[in-house]
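Peer 1: My structure is in data02.tsv, and what it holds is TSV, C-alpha atoms:
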```tsv
chain	number	residue	atom	x	y	z
X	94	MET	CA	-14.02	17.32	-4.78
X	95	THR	CA	-15.28	15.46	-1.71
X	96	VAL	CA	-13.48	12.27	-0.73
X	97	SER	CA	-15.91	9.53	0.31
X	98	ILE	CA	-14.63	7.16	3.00
X	99	LEU	CA	-15.66	3.76	4.36
X	100	ILE	CA	-14.33	2.73	7.80
X	101	ALA	CA	-13.93	-0.98	8.55
X	102	ASP	CA	-13.04	-1.89	12.14
X	103	ASP	CA	-14.53	-4.36	14.61
X	104	GLN	CA	-14.43	-1.82	17.46
X	105	GLY	CA	-17.31	0.62	17.48
X	106	MET	CA	-15.44	3.24	19.48
X	107	VAL	CA	-12.57	3.20	16.98
X	108	ARG	CA	-14.96	3.61	14.06
X	109	ALA	CA	-16.73	6.47	15.79
X	110	GLY	CA	-13.47	8.22	16.63
X	111	PHE	CA	-12.15	7.98	13.09
X	112	ALA	CA	-15.49	9.10	11.67
X	113	ALA	CA	-15.53	12.18	13.92
X	114	ILE	CA	-12.01	13.15	12.85
X	115	LEU	CA	-12.63	12.64	9.14
X	116	ASP	CA	-16.10	14.20	9.02
X	117	SER	CA	-14.63	17.35	10.54
X	118	GLN	CA	-12.78	17.95	7.26
X	119	ALA	CA	-14.72	19.97	4.71
X	120	ASP	CA	-13.55	17.80	1.82
X	121	PHE	CA	-14.25	14.42	3.50
X	122	THR	CA	-17.47	12.50	4.05
X	123	VAL	CA	-17.76	9.15	5.83
X	124	VAL	CA	-20.33	7.20	3.81
X	125	GLY	CA	-20.36	3.98	5.83
X	126	GLN	CA	-18.95	1.85	8.62
X	127	ALA	CA	-18.32	-1.90	8.69
X	128	ALA	CA	-17.63	-4.18	11.66
X	129	ASP	CA	-15.90	-6.97	9.72
X	130	GLY	CA	-14.42	-7.85	6.36
X	131	VAL	CA	-17.62	-9.26	4.91
X	132	ASP	CA	-19.50	-6.04	5.60
X	133	ALA	CA	-16.56	-3.99	4.33
X	134	VAL	CA	-16.61	-5.75	0.96
X	135	ALA	CA	-20.41	-5.56	0.66
X	136	LEU	CA	-20.56	-1.87	1.62
X	137	SER	CA	-17.67	-0.97	-0.66
X	138	HIS	CA	-19.44	-2.56	-3.60
X	139	GLN	CA	-22.66	-0.77	-2.66
X	140	LEU	CA	-21.33	2.67	-1.69
X	141	ARG	CA	-18.27	2.84	-3.99
X	142	PRO	CA	-16.11	4.92	-1.60
X	143	ASP	CA	-12.93	6.61	-2.75
X	144	VAL	CA	-10.99	5.34	0.27
X	145	VAL	CA	-11.46	2.40	2.65
X	146	LEU	CA	-9.79	2.44	6.07
X	147	MET	CA	-9.36	-1.29	6.68
X	148	ASP	CA	-8.56	-2.86	10.03
X	149	VAL	CA	-6.29	-5.91	9.78
X	150	ARG	CA	-7.67	-8.12	12.53
X	151	MET	CA	-11.43	-8.53	12.34
X	152	PRO	CA	-13.67	-11.53	13.06
X	153	GLY	CA	-14.89	-13.70	10.22
X	154	MET	CA	-13.11	-12.17	7.24
X	155	ASN	CA	-9.98	-10.22	8.14
X	156	GLY	CA	-8.71	-7.09	6.44
X	157	LEU	CA	-6.27	-9.00	4.25
X	158	GLU	CA	-8.98	-11.17	2.71
X	159	ALA	CA	-11.26	-8.16	2.27
X	160	THR	CA	-8.47	-6.20	0.58
X	161	ARG	CA	-7.77	-9.02	-1.86
X	162	LEU	CA	-11.44	-9.17	-2.81
X	163	LEU	CA	-11.74	-5.41	-3.28
X	164	MET	CA	-8.56	-5.34	-5.39
X	165	ALA	CA	-10.02	-7.95	-7.75
X	166	PRO	CA	-12.86	-6.22	-9.64
X	167	THR	CA	-15.46	-8.16	-11.60
X	168	PRO	CA	-17.99	-7.03	-14.24
X	169	ARG	CA	-20.63	-6.96	-11.48
X	170	THR	CA	-18.38	-5.15	-8.98
X	171	PRO	CA	-15.96	-3.01	-11.03
X	172	HIS	CA	-15.22	-0.37	-8.39
X	173	VAL	CA	-11.72	-0.52	-6.85
X	174	PRO	CA	-11.23	1.82	-3.89
X	175	LYS	CA	-7.96	3.02	-2.43
X	176	ILE	CA	-7.26	1.10	0.78
X	177	VAL	CA	-5.35	2.22	3.86
X	178	ILE	CA	-4.63	-0.62	6.27
X	179	LEU	CA	-5.11	0.17	9.96
X	180	THR	CA	-3.25	-1.79	12.62
X	181	THR	CA	-2.28	-1.60	16.26
X	182	PHE	CA	0.88	-3.53	15.42
X	183	ASP	CA	3.78	-1.83	13.70
X	184	ILE	CA	5.19	-5.23	12.74
X	185	ASP	CA	2.41	-7.43	11.45
X	186	GLU	CA	2.67	-10.04	8.72
X	187	TYR	CA	-0.89	-9.30	7.63
X	188	VAL	CA	0.10	-5.74	6.81
X	189	HIS	CA	2.86	-6.95	4.47
X	190	ASP	CA	0.43	-9.23	2.65
X	191	ALA	CA	-2.27	-6.57	2.45
X	192	LEU	CA	0.14	-4.10	0.89
X	193	ALA	CA	1.26	-6.76	-1.55
X	194	ALA	CA	-2.41	-7.41	-2.38
X	195	GLY	CA	-2.86	-3.81	-3.48
X	196	ALA	CA	-3.45	-1.60	-0.45
X	197	SER	CA	-2.08	1.92	-0.88
X	198	GLY	CA	-0.43	2.11	2.51
X	199	PHE	CA	-0.95	1.57	6.19
X	200	LEU	CA	-1.30	3.55	9.37
X	201	LEU	CA	-0.97	2.74	13.04
X	202	LYS	CA	-4.21	3.24	14.95
X	203	ASP	CA	-2.47	5.37	17.56
X	204	ALA	CA	-1.20	7.83	14.93
X	205	PRO	CA	-2.14	11.49	15.53
X	206	PRO	CA	-5.39	12.70	13.91
X	207	ALA	CA	-3.38	14.86	11.49
X	208	ASP	CA	-1.64	11.72	10.20
X	209	LEU	CA	-4.99	10.03	9.57
X	210	VAL	CA	-6.24	13.04	7.60
X	211	HIS	CA	-2.96	13.20	5.67
X	212	ALA	CA	-3.12	9.47	4.86
X	213	VAL	CA	-6.59	9.75	3.37
X	214	ARG	CA	-5.61	12.78	1.29
X	215	VAL	CA	-2.46	11.09	-0.01
X	216	VAL	CA	-4.12	7.89	-1.17
X	217	ALA	CA	-7.21	9.68	-2.49
X	218	ALA	CA	-4.88	11.71	-4.72
X	219	GLY	CA	-3.53	8.47	-6.17
X	220	ASP	CA	-0.26	8.34	-4.27
X	221	ALA	CA	1.09	5.58	-2.04
X	222	LEU	CA	1.47	6.11	1.68
X	223	LEU	CA	4.87	4.92	2.85
X	224	ALA	CA	5.25	5.62	6.55
X	225	PRO	CA	9.06	5.62	6.37
X	226	SER	CA	10.26	4.12	9.65
X	227	VAL	CA	7.43	1.66	10.22
X	228	THR	CA	7.25	0.50	6.62
X	229	LYS	CA	11.00	-0.03	6.49
X	230	ARG	CA	10.99	-2.16	9.65
X	231	LEU	CA	8.06	-4.18	8.37
X	232	LEU	CA	9.65	-4.94	5.02
X	233	GLN	CA	13.05	-5.65	6.53
X	234	ARG	CA	11.60	-8.16	8.95
X	235	PHE	CA	9.65	-10.13	6.40
X	236	SER	CA	12.29	-9.98	3.70
X	237	GLU	CA	14.56	-11.75	6.19
X	238	GLN	CA	11.93	-14.43	6.81
X	239	ARG	CA	10.97	-14.99	3.17
X	240	PRO	CA	13.78	-16.06	0.83
X	241	PRO	CA	13.64	-14.69	-2.74
X	242	SER	CA	11.44	-16.83	-4.98
X	243	ASP	CA	11.93	-18.04	-8.55
X	244	GLN	CA	8.69	-16.27	-9.43
X	245	HIS	CA	10.24	-12.90	-8.59
X	246	ALA	CA	13.35	-13.75	-10.59
X	247	LEU	CA	11.25	-14.46	-13.67
X	248	ARG	CA	9.40	-11.16	-13.31
X	249	LEU	CA	12.61	-9.18	-12.87
X	250	ALA	CA	14.06	-10.75	-16.03
X	251	GLU	CA	11.73	-8.48	-17.99
X	252	LEU	CA	13.58	-5.37	-16.79
X	253	THR	CA	16.51	-3.66	-18.46
X	254	GLU	CA	19.62	-3.05	-16.38
X	255	ARG	CA	18.68	0.62	-15.94
X	256	GLU	CA	15.14	-0.27	-14.85
X	257	ARG	CA	16.57	-2.73	-12.34
X	258	GLU	CA	18.84	0.00	-10.94
X	259	ILE	CA	15.86	2.29	-10.52
X	260	LEU	CA	13.74	-0.42	-8.87
X	261	VAL	CA	16.53	-0.95	-6.31
X	262	ARG	CA	16.45	2.74	-5.47
X	263	ILE	CA	12.65	2.77	-5.23
X	264	GLY	CA	13.04	-0.10	-2.78
X	265	ARG	CA	15.39	2.04	-0.71
X	266	GLY	CA	12.66	4.68	-0.45
X	267	MET	CA	14.22	7.21	-2.81
X	268	ALA	CA	12.03	9.73	-4.63
X	269	ASN	CA	12.33	10.29	-8.38
X	270	ALA	CA	14.39	13.46	-7.91
X	271	GLU	CA	16.86	11.64	-5.64
X	272	ILE	CA	17.18	8.78	-8.12
X	273	ALA	CA	17.79	11.23	-10.96
X	274	ALA	CA	20.53	12.99	-9.00
X	275	GLU	CA	22.28	9.75	-8.04
X	276	LEU	CA	22.19	8.28	-11.56
X	277	PHE	CA	22.94	11.62	-13.29
X	278	ILE	CA	19.82	11.49	-15.48
X	279	ALA	CA	16.80	13.76	-15.86
X	280	GLU	CA	13.91	13.37	-13.44
X	281	GLN	CA	11.52	12.99	-16.39
X	282	THR	CA	13.66	10.09	-17.60
X	283	VAL	CA	13.29	8.46	-14.18
X	284	LYS	CA	9.51	8.92	-14.35
X	285	SER	CA	9.43	7.22	-17.74
X	286	HIS	CA	11.48	4.30	-16.41
X	287	VAL	CA	9.20	4.01	-13.36
X	288	THR	CA	6.13	3.86	-15.59
X	289	ARG	CA	7.69	1.08	-17.66
X	290	ILE	CA	8.72	-0.82	-14.51
X	291	PHE	CA	5.17	-0.69	-13.15
X	292	THR	CA	3.76	-1.84	-16.50
X	293	LYS	CA	6.21	-4.71	-16.96
X	294	LEU	CA	5.89	-5.96	-13.39
X	295	ARG	CA	2.15	-5.26	-13.14
X	296	LEU	CA	2.56	-3.05	-10.08
X	297	ARG	CA	-0.09	-0.63	-8.87
X	298	ASP	CA	2.20	1.88	-7.14
X	299	ARG	CA	5.45	2.46	-5.28
X	300	VAL	CA	4.26	0.47	-2.27
X	301	GLN	CA	4.13	-2.69	-4.34
X	302	ALA	CA	7.43	-1.78	-5.98
X	303	VAL	CA	9.13	-1.48	-2.58
X	304	ILE	CA	7.68	-4.80	-1.43
X	305	LEU	CA	8.83	-6.55	-4.60
X	306	ALA	CA	12.33	-5.10	-4.27
X	307	TYR	CA	12.61	-6.53	-0.75
X	308	ASP	CA	10.93	-9.84	-1.47
X	309	ALA	CA	13.10	-10.40	-4.56
X	310	GLY	CA	16.26	-9.73	-2.58
X	311	LEU	CA	17.19	-6.57	-4.49
X	312	VAL	CA	17.09	-4.59	-1.25
X	313	SER	CA	17.92	-5.86	2.22
X	314	PRO	CA	18.43	-4.29	5.66
X	315	ASP	CA	22.20	-4.04	5.15
X	316	ARG	CA	22.23	-2.54	1.64
```
Take the structure in this file and express it as structure tokens.

Peer 2:
Amino acid sequence: MTVSILIADDQGMVRAGFAAILDSQADFTVVGQAADGVDAVALSHQLRPDVVLMDVRMPGMNGLEATRLLMAPTPRTPHVPKIVILTTFDIDEYVHDALAAGASGFLLKDAPPADLVHAVRVVAAGDALLAPSVTKRLLQRFSEQRPPSDQHALRLAELTEREREILVRIGRGMANAEIAAELFIAEQTVKSHVTRIFTKLRLRDRVQAVILAYDAGLVSPDR
């Protein structure tokens, strides 16, 4: 299987550099490049890429707005790509909102080429990309700035006590096997709980689960 990729960034040199790295992989093909959010949305609808590398700060329509549009399919534009947010800032409020909008992860622009290739492979396979240290700092910062909302409390009321326990551990970055070991239950049982959590809370993946755990106050920097 070949992974098709769209690169959205307002700097031509950045787009060219990423394209050269990705096109060097036998299983990747860069199908298009966009200089702003408007072009990114239009090209994604036209080319239907598997993965979009989306810059955060672009003129006109930024990466957050473009991500929200691409994560909201319509009968005329049903395709929903996987989105990796690109940023030069490791702490950026736009990144938090883009992940909450449905992006599958984010990557710093100065990351090594191997990390870029890995990021595309991870999200193309349907997994979420959680860059551990950077993601943790991002979520910690904005969970401190944004008090838990009543909306989150209402959503969490749908969970059983066990599901809530597991969501807390997802928020702490624990894998299913680690959760199973800590709670003394089977890993398959954890997977079943995770599936139910995602369904009840209408979450796309673990990225959104982590964000919700922080924003709802279930997880904080000191616990």

Peer 1: If you measure from CA of Gly219 (chain X) to CA of Asp308 (chain X), what distance in Å do you get, rounded to one decimal?

Peer 2: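 Taking CA of Gly219 (chain X) as the start and CA of Asp308 (chain X) as the end point, the length is 23.8 Å.
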
Peer 1: CA of Thr122 (chain X) and CA of Leu200 (chain X), how far apart in Å?

Peer 2: 19.2 Å

Peer 1: Distance CA of Ile100 (chain X)-CA of Arg299 (chain X), one decimal place?

Peer 2: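 About the pair CA of Ile100 (chain X) and CA of Arg299 (chain X): they are 23.7 Å apart.
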
Peer 1: Contacts of Thr181 (chain X) at 10 Å or less, counting only C-alpha atoms, minus same-chain residues fewer than 6 places along, as JSON, numbers by chain?

Peer 2: {"X": [148, 149, 150, 200, 201, 202, 203, 204]}

Peer 1: Just want the 10 Å neighbourhood of Ala165 (chain X), counted on all atoms listed in the file, with same-chain residues fewer than 6 positions away dropped. Output as a PDB file with C-alpha atoms, in the coordinates of the input.

Peer 2:
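Contents of selection-v4.pdb, freshly written:
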```
ATOM      1  CA  PRO X 171     -15.960  -3.010 -11.030  1.00  0.00           C
ATOM      2  CA  HIS X 172     -15.220  -0.370  -8.390  1.00  0.00           C
ATOM      3  CA  VAL X 173     -11.720  -0.520  -6.850  1.00  0.00           C
ATOM      4  CA  ALA X 194      -2.410  -7.410  -2.380  1.00  0.00           C
ATOM      5  CA  GLY X 195      -2.860  -3.810  -3.480  1.00  0.00           C
TER       6      GLY X 195
END
```

Peer 1: Quick one: residues within 8 Å of region 247-263 of chain X, all atoms listed in the file, excluding same-chain residues fewer than 5 positions away - as an MDAnalysis selection string?

Peer 2: chainID X and resid 268 272 283 286:287 290 293:294 299 302:303 306 311:312

Peer 1: Which residue, X:Val300, X:Met147, X:Leu276, X:Ala309, has the smallest gap to His245 (chain X) when you use all atoms listed in the file?

Peer 2: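 Once distances to His245 (chain X) are computed over all atoms listed in the file, the minimum belongs to X:Ala309.
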
Peer 1: So that I can check the surroundings of Val216 (chain X), please list as a list of chain:residue names every protein, DNA and RNA residue that reaches within 7 Å of it, counting all atoms listed in the file and ignoring chain neighbours fewer than 4 positions away.

Peer 2: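 Using all atoms listed in the file, the neighbours found are X:Lys175, X:Ser197, X:Ala212, X:Asp220, X:Ala221, X:Leu222.
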
Peer 1: Please determine an axis-aligned box that encloses all atoms of region 264-274 of chain X listed in the file, with 8 Å added on each side, and express its centre and edge lengths in Å to one decimal as lines of an AutoDock Vina configuration file.

Peer 2:
```
center_x = 16.3
center_y = 6.7
center_z = -5.7
size_x = 24.5
size_y = 29.6
size_z = 26.5
```
